[in-house]
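The data block below is start-v5.txt; it holds compact mmCIF, N, CA and C atoms.
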```txt
# COMPACT_ATOMS: atom_id res chain seq x y z
N MET A 1 -1.82 29.58 3.66
CA MET A 1 -2.19 28.37 4.36
C MET A 1 -3.01 28.73 5.60
N ALA A 2 -4.09 28.03 5.81
CA ALA A 2 -4.96 28.29 6.96
C ALA A 2 -4.26 27.86 8.25
N ALA A 3 -4.61 28.53 9.33
CA ALA A 3 -4.06 28.17 10.64
C ALA A 3 -4.50 26.76 11.01
N GLU A 4 -3.61 26.06 11.69
CA GLU A 4 -3.93 24.70 12.10
C GLU A 4 -4.78 24.75 13.37
N GLY A 5 -5.76 23.88 13.42
CA GLY A 5 -6.60 23.79 14.59
C GLY A 5 -8.06 23.71 14.20
N TYR A 6 -8.91 23.73 15.21
CA TYR A 6 -10.34 23.56 14.98
C TYR A 6 -10.95 24.77 14.32
N ASP A 7 -11.73 24.51 13.30
CA ASP A 7 -12.50 25.54 12.62
C ASP A 7 -13.78 24.88 12.14
N PRO A 8 -14.93 25.21 12.74
CA PRO A 8 -16.17 24.54 12.35
C PRO A 8 -16.52 24.74 10.88
N SER A 9 -16.03 25.81 10.28
CA SER A 9 -16.33 26.03 8.86
C SER A 9 -15.56 25.06 7.96
N ARG A 10 -14.55 24.40 8.51
CA ARG A 10 -13.81 23.39 7.72
C ARG A 10 -14.39 22.00 7.89
N SER A 11 -15.44 21.88 8.68
CA SER A 11 -16.08 20.58 8.86
C SER A 11 -16.70 20.14 7.54
N ARG A 12 -16.43 18.91 7.16
CA ARG A 12 -17.02 18.37 5.93
C ARG A 12 -18.22 17.49 6.25
N VAL A 13 -18.69 17.56 7.49
CA VAL A 13 -19.88 16.84 7.90
C VAL A 13 -21.09 17.71 7.54
N SER A 14 -22.03 17.14 6.81
CA SER A 14 -23.20 17.92 6.38
C SER A 14 -24.07 18.27 7.58
N GLU A 15 -24.82 19.34 7.43
CA GLU A 15 -25.73 19.77 8.49
C GLU A 15 -26.76 18.69 8.79
N SER A 16 -27.26 18.00 7.77
CA SER A 16 -28.27 16.96 8.00
C SER A 16 -27.67 15.76 8.74
N THR A 17 -26.43 15.39 8.42
CA THR A 17 -25.77 14.28 9.12
C THR A 17 -25.53 14.66 10.58
N LEU A 18 -25.09 15.89 10.81
CA LEU A 18 -24.88 16.35 12.17
C LEU A 18 -26.20 16.36 12.94
N ALA A 19 -27.25 16.88 12.32
CA ALA A 19 -28.55 16.94 12.99
C ALA A 19 -29.05 15.54 13.35
N ASP A 20 -28.86 14.58 12.45
CA ASP A 20 -29.27 13.20 12.74
C ASP A 20 -28.51 12.65 13.94
N PHE A 21 -27.20 12.91 14.00
CA PHE A 21 -26.38 12.45 15.12
C PHE A 21 -26.84 13.10 16.43
N LEU A 22 -27.14 14.38 16.38
CA LEU A 22 -27.54 15.09 17.59
C LEU A 22 -28.88 14.60 18.13
N ARG A 23 -29.77 14.21 17.23
CA ARG A 23 -31.10 13.72 17.65
C ARG A 23 -31.08 12.28 18.13
N ALA A 24 -30.15 11.49 17.63
CA ALA A 24 -30.14 10.05 17.91
C ALA A 24 -29.54 9.74 19.27
N PRO A 25 -30.00 8.65 19.88
CA PRO A 25 -29.34 8.20 21.12
C PRO A 25 -27.95 7.65 20.79
N ILE A 26 -27.07 7.68 21.76
CA ILE A 26 -25.72 7.15 21.57
C ILE A 26 -25.80 5.63 21.65
N THR A 27 -25.22 4.96 20.66
CA THR A 27 -25.19 3.50 20.67
C THR A 27 -23.89 2.96 21.23
N GLY A 28 -22.85 3.77 21.18
CA GLY A 28 -21.54 3.34 21.63
C GLY A 28 -20.61 3.01 20.47
N GLU A 29 -21.17 2.76 19.31
CA GLU A 29 -20.36 2.42 18.13
C GLU A 29 -19.63 3.67 17.65
N LEU A 30 -18.29 3.65 17.64
CA LEU A 30 -17.52 4.84 17.27
C LEU A 30 -17.91 5.40 15.91
N THR A 31 -18.24 4.53 14.99
CA THR A 31 -18.56 5.01 13.64
C THR A 31 -19.91 5.73 13.57
N GLU A 32 -20.64 5.80 14.67
CA GLU A 32 -21.86 6.61 14.68
C GLU A 32 -21.52 8.10 14.70
N VAL A 33 -20.32 8.45 15.12
CA VAL A 33 -19.88 9.85 15.17
C VAL A 33 -19.56 10.30 13.75
N PRO A 34 -20.22 11.35 13.28
CA PRO A 34 -19.92 11.83 11.93
C PRO A 34 -18.43 12.14 11.78
N GLY A 35 -17.84 11.61 10.73
CA GLY A 35 -16.42 11.81 10.46
C GLY A 35 -15.55 10.64 10.88
N ILE A 36 -16.09 9.73 11.68
CA ILE A 36 -15.31 8.56 12.10
C ILE A 36 -15.76 7.35 11.29
N GLY A 37 -14.85 6.88 10.46
CA GLY A 37 -15.09 5.67 9.69
C GLY A 37 -14.27 4.54 10.29
N PRO A 38 -14.25 3.40 9.62
CA PRO A 38 -13.51 2.25 10.15
C PRO A 38 -12.01 2.53 10.38
N ALA A 39 -11.38 3.27 9.49
CA ALA A 39 -9.94 3.55 9.65
C ALA A 39 -9.68 4.41 10.88
N ALA A 40 -10.50 5.44 11.07
CA ALA A 40 -10.33 6.31 12.24
C ALA A 40 -10.63 5.55 13.53
N ALA A 41 -11.67 4.70 13.50
CA ALA A 41 -12.00 3.91 14.68
C ALA A 41 -10.84 3.00 15.06
N LYS A 42 -10.19 2.43 14.06
CA LYS A 42 -9.03 1.56 14.31
C LYS A 42 -7.88 2.35 14.95
N LYS A 43 -7.62 3.56 14.44
CA LYS A 43 -6.55 4.39 15.00
C LYS A 43 -6.84 4.76 16.45
N LEU A 44 -8.09 5.08 16.75
CA LEU A 44 -8.46 5.42 18.12
C LEU A 44 -8.30 4.22 19.05
N ALA A 45 -8.60 3.04 18.54
CA ALA A 45 -8.51 1.83 19.36
C ALA A 45 -7.07 1.41 19.61
N GLU A 46 -6.15 1.82 18.75
CA GLU A 46 -4.75 1.41 18.88
C GLU A 46 -3.99 2.19 19.94
N GLY A 47 -4.35 3.43 20.16
CA GLY A 47 -3.55 4.25 21.06
C GLY A 47 -2.21 4.58 20.43
N ASN A 48 -1.34 5.23 21.18
CA ASN A 48 0.01 5.53 20.71
C ASN A 48 0.92 5.74 21.92
N ASP A 49 2.17 6.08 21.66
CA ASP A 49 3.13 6.23 22.76
C ASP A 49 2.74 7.33 23.74
N ASP A 50 2.18 8.44 23.23
CA ASP A 50 1.80 9.55 24.09
C ASP A 50 0.52 9.28 24.87
N ASP A 51 -0.36 8.48 24.29
CA ASP A 51 -1.66 8.21 24.91
C ASP A 51 -2.06 6.78 24.58
N PRO A 52 -1.60 5.82 25.37
CA PRO A 52 -1.80 4.41 25.03
C PRO A 52 -3.22 3.88 25.27
N GLU A 53 -4.08 4.67 25.92
CA GLU A 53 -5.43 4.18 26.19
C GLU A 53 -6.22 3.99 24.91
N ALA A 54 -6.83 2.83 24.79
CA ALA A 54 -7.67 2.54 23.64
C ALA A 54 -9.01 3.23 23.79
N ILE A 55 -9.45 3.87 22.73
CA ILE A 55 -10.80 4.45 22.67
C ILE A 55 -11.58 3.54 21.73
N THR A 56 -12.49 2.76 22.29
CA THR A 56 -13.19 1.76 21.48
C THR A 56 -14.68 2.00 21.35
N ASN A 57 -15.19 3.05 22.01
CA ASN A 57 -16.62 3.35 21.85
C ASN A 57 -16.87 4.85 22.02
N THR A 58 -18.06 5.25 21.68
CA THR A 58 -18.42 6.67 21.72
C THR A 58 -18.38 7.22 23.14
N TYR A 59 -18.74 6.40 24.09
CA TYR A 59 -18.73 6.87 25.49
C TYR A 59 -17.30 7.24 25.92
N GLN A 60 -16.34 6.42 25.54
CA GLN A 60 -14.94 6.71 25.89
C GLN A 60 -14.46 7.98 25.17
N LEU A 61 -14.90 8.16 23.92
CA LEU A 61 -14.50 9.35 23.17
C LEU A 61 -15.08 10.60 23.83
N ILE A 62 -16.33 10.53 24.24
CA ILE A 62 -16.94 11.66 24.95
C ILE A 62 -16.21 11.88 26.28
N GLY A 63 -15.84 10.79 26.95
CA GLY A 63 -15.07 10.90 28.19
C GLY A 63 -13.75 11.62 27.98
N LYS A 64 -13.08 11.30 26.89
CA LYS A 64 -11.81 11.97 26.59
C LYS A 64 -12.05 13.45 26.33
N PHE A 65 -13.10 13.75 25.59
CA PHE A 65 -13.46 15.15 25.33
C PHE A 65 -13.68 15.89 26.66
N LEU A 66 -14.40 15.27 27.57
CA LEU A 66 -14.66 15.90 28.86
C LEU A 66 -13.39 16.03 29.70
N MET A 67 -12.51 15.05 29.63
CA MET A 67 -11.25 15.13 30.38
C MET A 67 -10.43 16.35 29.96
N LEU A 68 -10.49 16.68 28.69
CA LEU A 68 -9.72 17.81 28.19
C LEU A 68 -10.30 19.15 28.63
N LYS A 69 -11.48 19.14 29.20
CA LYS A 69 -12.12 20.36 29.71
C LYS A 69 -11.56 20.75 31.07
N GLY A 70 -10.93 19.82 31.74
CA GLY A 70 -10.41 20.06 33.08
C GLY A 70 -9.48 21.26 33.14
N PRO A 71 -9.16 21.69 34.33
CA PRO A 71 -8.26 22.84 34.44
C PRO A 71 -6.89 22.53 33.84
N ASP A 72 -6.25 23.57 33.33
CA ASP A 72 -4.91 23.37 32.77
C ASP A 72 -3.91 23.18 33.90
N ASP A 73 -2.63 23.12 33.57
CA ASP A 73 -1.60 22.86 34.56
C ASP A 73 -1.53 23.94 35.65
N SER A 74 -1.99 25.14 35.32
CA SER A 74 -1.97 26.24 36.28
C SER A 74 -3.28 26.34 37.06
N ASN A 75 -4.14 25.33 36.92
CA ASN A 75 -5.45 25.31 37.56
C ASN A 75 -6.37 26.41 37.07
N VAL A 76 -6.15 26.84 35.82
CA VAL A 76 -6.98 27.85 35.20
C VAL A 76 -8.07 27.14 34.40
N LYS A 77 -9.29 27.64 34.49
CA LYS A 77 -10.42 27.05 33.77
C LYS A 77 -10.17 27.09 32.27
N VAL A 78 -10.49 25.98 31.59
CA VAL A 78 -10.32 25.87 30.14
C VAL A 78 -11.60 26.38 29.48
N ASP A 79 -11.48 27.43 28.65
CA ASP A 79 -12.67 27.96 27.98
C ASP A 79 -13.05 27.11 26.78
N SER A 80 -14.18 27.42 26.18
CA SER A 80 -14.73 26.63 25.08
C SER A 80 -13.77 26.52 23.90
N ILE A 81 -13.17 27.62 23.51
CA ILE A 81 -12.27 27.60 22.36
C ILE A 81 -11.05 26.74 22.64
N GLU A 82 -10.42 26.93 23.80
CA GLU A 82 -9.25 26.13 24.14
C GLU A 82 -9.62 24.65 24.24
N HIS A 83 -10.80 24.36 24.77
CA HIS A 83 -11.25 22.99 24.94
C HIS A 83 -11.32 22.26 23.59
N VAL A 84 -12.00 22.86 22.62
CA VAL A 84 -12.13 22.19 21.32
C VAL A 84 -10.78 22.13 20.59
N GLU A 85 -9.93 23.12 20.82
CA GLU A 85 -8.58 23.08 20.23
C GLU A 85 -7.80 21.89 20.79
N LYS A 86 -7.90 21.71 22.10
CA LYS A 86 -7.20 20.58 22.73
C LYS A 86 -7.71 19.26 22.16
N PHE A 87 -9.02 19.11 21.96
CA PHE A 87 -9.59 17.88 21.41
C PHE A 87 -9.15 17.69 19.96
N TRP A 88 -9.14 18.75 19.18
CA TRP A 88 -8.69 18.68 17.78
C TRP A 88 -7.24 18.18 17.72
N HIS A 89 -6.39 18.75 18.55
CA HIS A 89 -4.97 18.35 18.55
C HIS A 89 -4.79 16.93 19.10
N TRP A 90 -5.63 16.54 20.06
CA TRP A 90 -5.57 15.18 20.57
C TRP A 90 -5.92 14.20 19.45
N LEU A 91 -6.95 14.50 18.67
CA LEU A 91 -7.30 13.64 17.53
C LEU A 91 -6.15 13.57 16.52
N LYS A 92 -5.53 14.70 16.27
CA LYS A 92 -4.39 14.72 15.35
C LYS A 92 -3.27 13.82 15.87
N ASN A 93 -2.98 13.93 17.16
CA ASN A 93 -1.94 13.12 17.78
C ASN A 93 -2.26 11.63 17.71
N ARG A 94 -3.54 11.29 17.71
CA ARG A 94 -3.96 9.90 17.61
C ARG A 94 -3.93 9.39 16.17
N GLY A 95 -3.55 10.24 15.23
CA GLY A 95 -3.42 9.81 13.84
C GLY A 95 -4.65 10.04 12.99
N ILE A 96 -5.63 10.77 13.51
CA ILE A 96 -6.83 11.07 12.73
C ILE A 96 -6.46 12.19 11.76
N THR A 97 -6.49 11.88 10.48
CA THR A 97 -6.03 12.83 9.47
C THR A 97 -7.16 13.49 8.69
N SER A 98 -8.35 12.93 8.75
CA SER A 98 -9.48 13.47 8.00
C SER A 98 -10.65 13.76 8.95
N TYR A 99 -11.42 14.76 8.59
CA TYR A 99 -12.66 15.08 9.30
C TYR A 99 -12.47 15.48 10.76
N ARG A 100 -11.26 15.92 11.13
CA ARG A 100 -11.05 16.29 12.54
C ARG A 100 -12.02 17.37 13.01
N SER A 101 -12.17 18.43 12.23
CA SER A 101 -13.08 19.50 12.65
C SER A 101 -14.52 19.00 12.73
N GLY A 102 -14.90 18.11 11.84
CA GLY A 102 -16.24 17.54 11.88
C GLY A 102 -16.46 16.67 13.10
N ILE A 103 -15.46 15.89 13.46
CA ILE A 103 -15.55 15.05 14.65
C ILE A 103 -15.65 15.92 15.90
N VAL A 104 -14.80 16.93 15.97
CA VAL A 104 -14.82 17.84 17.13
C VAL A 104 -16.18 18.51 17.24
N ARG A 105 -16.68 19.03 16.13
CA ARG A 105 -17.97 19.72 16.16
C ARG A 105 -19.09 18.76 16.58
N SER A 106 -19.07 17.56 16.04
CA SER A 106 -20.11 16.58 16.36
C SER A 106 -20.12 16.23 17.84
N ILE A 107 -18.96 15.93 18.39
CA ILE A 107 -18.87 15.57 19.81
C ILE A 107 -19.18 16.78 20.68
N ALA A 108 -18.64 17.94 20.34
CA ALA A 108 -18.88 19.14 21.15
C ALA A 108 -20.36 19.50 21.19
N GLU A 109 -21.03 19.43 20.05
CA GLU A 109 -22.45 19.78 20.03
C GLU A 109 -23.30 18.71 20.73
N LYS A 110 -22.93 17.43 20.58
CA LYS A 110 -23.66 16.36 21.26
C LYS A 110 -23.55 16.53 22.78
N VAL A 111 -22.33 16.78 23.25
CA VAL A 111 -22.13 16.95 24.69
C VAL A 111 -22.82 18.22 25.18
N ASP A 112 -22.82 19.26 24.35
CA ASP A 112 -23.49 20.50 24.74
C ASP A 112 -25.00 20.29 24.91
N HIS A 113 -25.58 19.35 24.16
CA HIS A 113 -26.99 19.02 24.35
C HIS A 113 -27.21 18.37 25.71
N MET A 114 -26.23 17.59 26.16
CA MET A 114 -26.34 16.90 27.45
C MET A 114 -25.94 17.81 28.61
N MET A 115 -24.97 18.69 28.35
CA MET A 115 -24.42 19.58 29.38
C MET A 115 -24.34 20.99 28.79
N PRO A 116 -25.46 21.68 28.74
CA PRO A 116 -25.48 23.00 28.10
C PRO A 116 -24.39 23.93 28.63
N GLY A 117 -23.73 24.59 27.70
CA GLY A 117 -22.70 25.56 28.03
C GLY A 117 -21.28 25.04 27.88
N ILE A 118 -21.13 23.74 27.61
CA ILE A 118 -19.78 23.20 27.49
C ILE A 118 -19.13 23.61 26.17
N TYR A 119 -19.96 23.87 25.17
CA TYR A 119 -19.46 24.29 23.85
C TYR A 119 -20.28 25.49 23.41
N ASP A 120 -19.61 26.54 23.00
CA ASP A 120 -20.30 27.74 22.54
C ASP A 120 -20.01 27.95 21.07
N LYS A 121 -20.90 27.40 20.22
CA LYS A 121 -20.68 27.50 18.78
C LYS A 121 -20.76 28.94 18.30
N ASP A 122 -21.40 29.82 19.06
CA ASP A 122 -21.50 31.22 18.67
C ASP A 122 -20.15 31.94 18.72
N MET A 123 -19.19 31.35 19.42
CA MET A 123 -17.85 31.96 19.49
C MET A 123 -17.16 31.91 18.12
N TYR A 124 -17.67 31.07 17.23
CA TYR A 124 -17.10 30.94 15.90
C TYR A 124 -18.00 31.59 14.86
N GLY A 125 -19.07 32.25 15.32
CA GLY A 125 -20.15 32.72 14.46
C GLY A 125 -19.73 33.49 13.24
N ASP A 126 -20.33 33.08 12.16
CA ASP A 126 -20.32 33.88 10.96
C ASP A 126 -21.79 34.13 10.63
N ASP A 127 -22.57 34.18 11.70
CA ASP A 127 -24.01 34.36 11.60
C ASP A 127 -24.29 35.77 11.13
N GLU A 128 -24.98 35.89 10.01
CA GLU A 128 -25.24 37.21 9.41
C GLU A 128 -26.17 38.05 10.26
N ASP A 129 -27.08 37.44 11.02
CA ASP A 129 -28.02 38.20 11.83
C ASP A 129 -27.56 38.33 13.27
N GLU A 130 -26.29 38.21 13.49
CA GLU A 130 -25.72 38.24 14.82
C GLU A 130 -26.05 39.53 15.57
N ASP A 131 -26.07 40.67 14.86
CA ASP A 131 -26.30 41.97 15.49
C ASP A 131 -27.77 42.34 15.57
N GLU A 132 -28.64 41.56 14.95
CA GLU A 132 -30.06 41.88 14.96
C GLU A 132 -30.70 41.47 16.27
N GLU A 133 -31.75 42.18 16.66
CA GLU A 133 -32.46 41.83 17.89
C GLU A 133 -33.86 41.43 17.56
```
Can the structure from this file be put into structure tokens for me?
Amino acid sequence: MAAEGYDPSRSRVSESTLADFLRAPITGELTEVPGIGPAAAKKLAEGNDDDPEAITNTYQLIGKFLMLKGPDDSNVKVDSIEHVEKFWHWLKNRGITSYRSGIVRSIAEKVDHMMPGIYDKDMYGDDEDEDEE
């Protein structure tokens, strides 16, 4: 059994769908995020006992992603890997059962376009030419 948590290679969002999302302006509609359909949007809007805040648009979802980047309880900086893990587990806690890695990757890469350095996809690299110069 694979380890639980974020793994970009488990994303079922196609490269072309991701590229379209990254190029497009944000409309605010949650279902514009690859991997979020009507059922997932409903779960995000409902909240739960641990996190009752409703997430009803893409801006709020990005806001939640950014909130998880903050320092941990010990005031230690949260690195890229820990950040996306926290977001993946937050989605799981909200009842998102499908496409979690795709949603995380989509939001992380979109935010990285706006704020370079917030997500380092190379940390997960299986890039064959990684050692080439």
message: For a quick check of your reading of the model, name the residues lying within 7 Å of the coordinate (-21.7, 16.3, 16.5), counting only C-alpha atoms, and write them as number ranges by chain.
response: A: 18, 21-22, 33-34, 103, 105-110
Nearest-residue call for Asn48 in chain A, choices A:Arg94, A:Met114, A:Val13, A:Met67, using only N, CA and C atoms |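 Checking each of A:Arg94, A:Met114, A:Val13, A:Met67 against Asn48 in chain A, counting only N, CA and C atoms, the winner is A:Arg94.
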Which neighbours of range 35-38 of chain A fall inside 8 Å, counting all atoms listed in the file, when residues of the same chain fewer than 6 positions from it are skipped, and could you give them as an mmCIF file with N, CA and C atoms, in the coordinates of the input?
```
data_model
loop_
_atom_site.group_PDB
_atom_site.id
_atom_site.type_symbol
_atom_site.label_atom_id
_atom_site.label_comp_id
_atom_site.auth_asym_id
_atom_site.auth_seq_id
_atom_site.Cartn_x
_atom_site.Cartn_y
_atom_site.Cartn_z
ATOM 1 N N ARG A 12 -16.430 18.910 7.160
ATOM 2 C CA ARG A 12 -17.020 18.370 5.930
ATOM 3 C C ARG A 12 -18.220 17.490 6.250
ATOM 4 N N VAL A 13 -18.690 17.560 7.490
ATOM 5 C CA VAL A 13 -19.880 16.840 7.900
ATOM 6 C C VAL A 13 -21.090 17.710 7.540
ATOM 7 N N SER A 14 -22.030 17.140 6.810
ATOM 8 C CA SER A 14 -23.200 17.920 6.380
ATOM 9 C C SER A 14 -24.070 18.270 7.580
ATOM 10 N N LEU A 44 -8.090 5.080 16.750
ATOM 11 C CA LEU A 44 -8.460 5.420 18.120
ATOM 12 C C LEU A 44 -8.300 4.220 19.050
ATOM 13 N N SER A 98 -8.350 12.930 8.750
ATOM 14 C CA SER A 98 -9.480 13.470 8.000
ATOM 15 C C SER A 98 -10.650 13.760 8.950
ATOM 16 N N TYR A 99 -11.420 14.760 8.590
ATOM 17 C CA TYR A 99 -12.660 15.080 9.300
ATOM 18 C C TYR A 99 -12.470 15.480 10.760
ATOM 19 N N ARG A 100 -11.260 15.920 11.130
ATOM 20 C CA ARG A 100 -11.050 16.290 12.540
ATOM 21 C C ARG A 100 -12.020 17.370 13.010
ATOM 22 N N SER A 101 -12.170 18.430 12.230
ATOM 23 C CA SER A 101 -13.080 19.500 12.650
ATOM 24 C C SER A 101 -14.520 19.000 12.730
ATOM 25 N N GLY A 102 -14.900 18.110 11.840
ATOM 26 C CA GLY A 102 -16.240 17.540 11.880
ATOM 27 C C GLY A 102 -16.460 16.670 13.100
ATOM 28 N N ILE A 103 -15.460 15.890 13.460
ATOM 29 C CA ILE A 103 -15.550 15.050 14.650
ATOM 30 C C ILE A 103 -15.650 15.920 15.900
ATOM 31 N N VAL A 104 -14.800 16.930 15.970
ATOM 32 C CA VAL A 104 -14.820 17.840 17.130
ATOM 33 C C VAL A 104 -16.180 18.510 17.240
ATOM 34 N N SER A 106 -19.070 17.560 16.040
ATOM 35 C CA SER A 106 -20.110 16.580 16.360
ATOM 36 C C SER A 106 -20.120 16.230 17.840
#
```
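One finds atom N of Asp122 in chain A at 27.9 Å from CA of Ala41 in chain A.
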Computed interatomic separation between atom C of Ile118 in chain A and CA of Pro25 in chain A (Å):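 Interatomic distance here is 19.2 Å.
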Within 8 Å of Asp7 in chain A, counting only C-alpha atoms, which residues qualify if same-chain residues fewer than 3 places away don't, as an NGL selection string?
:A and (10-11 or 101 or 124)
Inset, instruction - Report the distance between CA of Gly117 in chain A and CA of Val76 in chain A in Å, rounded to one decimal place. - result: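 These atoms are spaced 17.4 Å apart.
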From a backbone DSSP assignment, name each residue in chain A labelled alpha helix (DSSP H), as JSON, numbers by chain. {"A": [15, 16, 17, 18, 19, 20, 21, 22, 23, 38, 39, 40, 41, 42, 43, 44, 45, 46, 58, 59, 60, 61, 62, 63, 64, 65, 66, 67, 80, 81, 82, 83, 84, 85, 86, 87, 88, 89, 90, 91, 92, 93, 100, 101, 102, 103, 104, 105, 106, 107, 108, 109, 110, 111, 112, 113, 114]}
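Comparing the minimum interatomic distances between Asp50 in chain A and each of A:Ala3, A:Leu30, A:Trp90, A:Met123, counting only C-alpha atoms, we find that A:Trp90 sits nearest.
For the choices A:Gly70, A:Arg23, A:Ala40, A:Gly28, the atom-to-atom distance to Asn57 in chain A is smallest for A:Gly28 when using only N, CA and C atoms.
With distances taken over all atoms listed in the file, A:Tyr6 is the one residue among A:Tyr6, A:Glu15, A:Pro71, A:Ile62 lying closest to Trp88 in chain A.
With only C-alpha atoms as the atoms that count, the residue of A:Asn75, A:Thr31, A:Ala45, A:Leu66 with the shortest distance to Met115 in chain A is A:Leu66.
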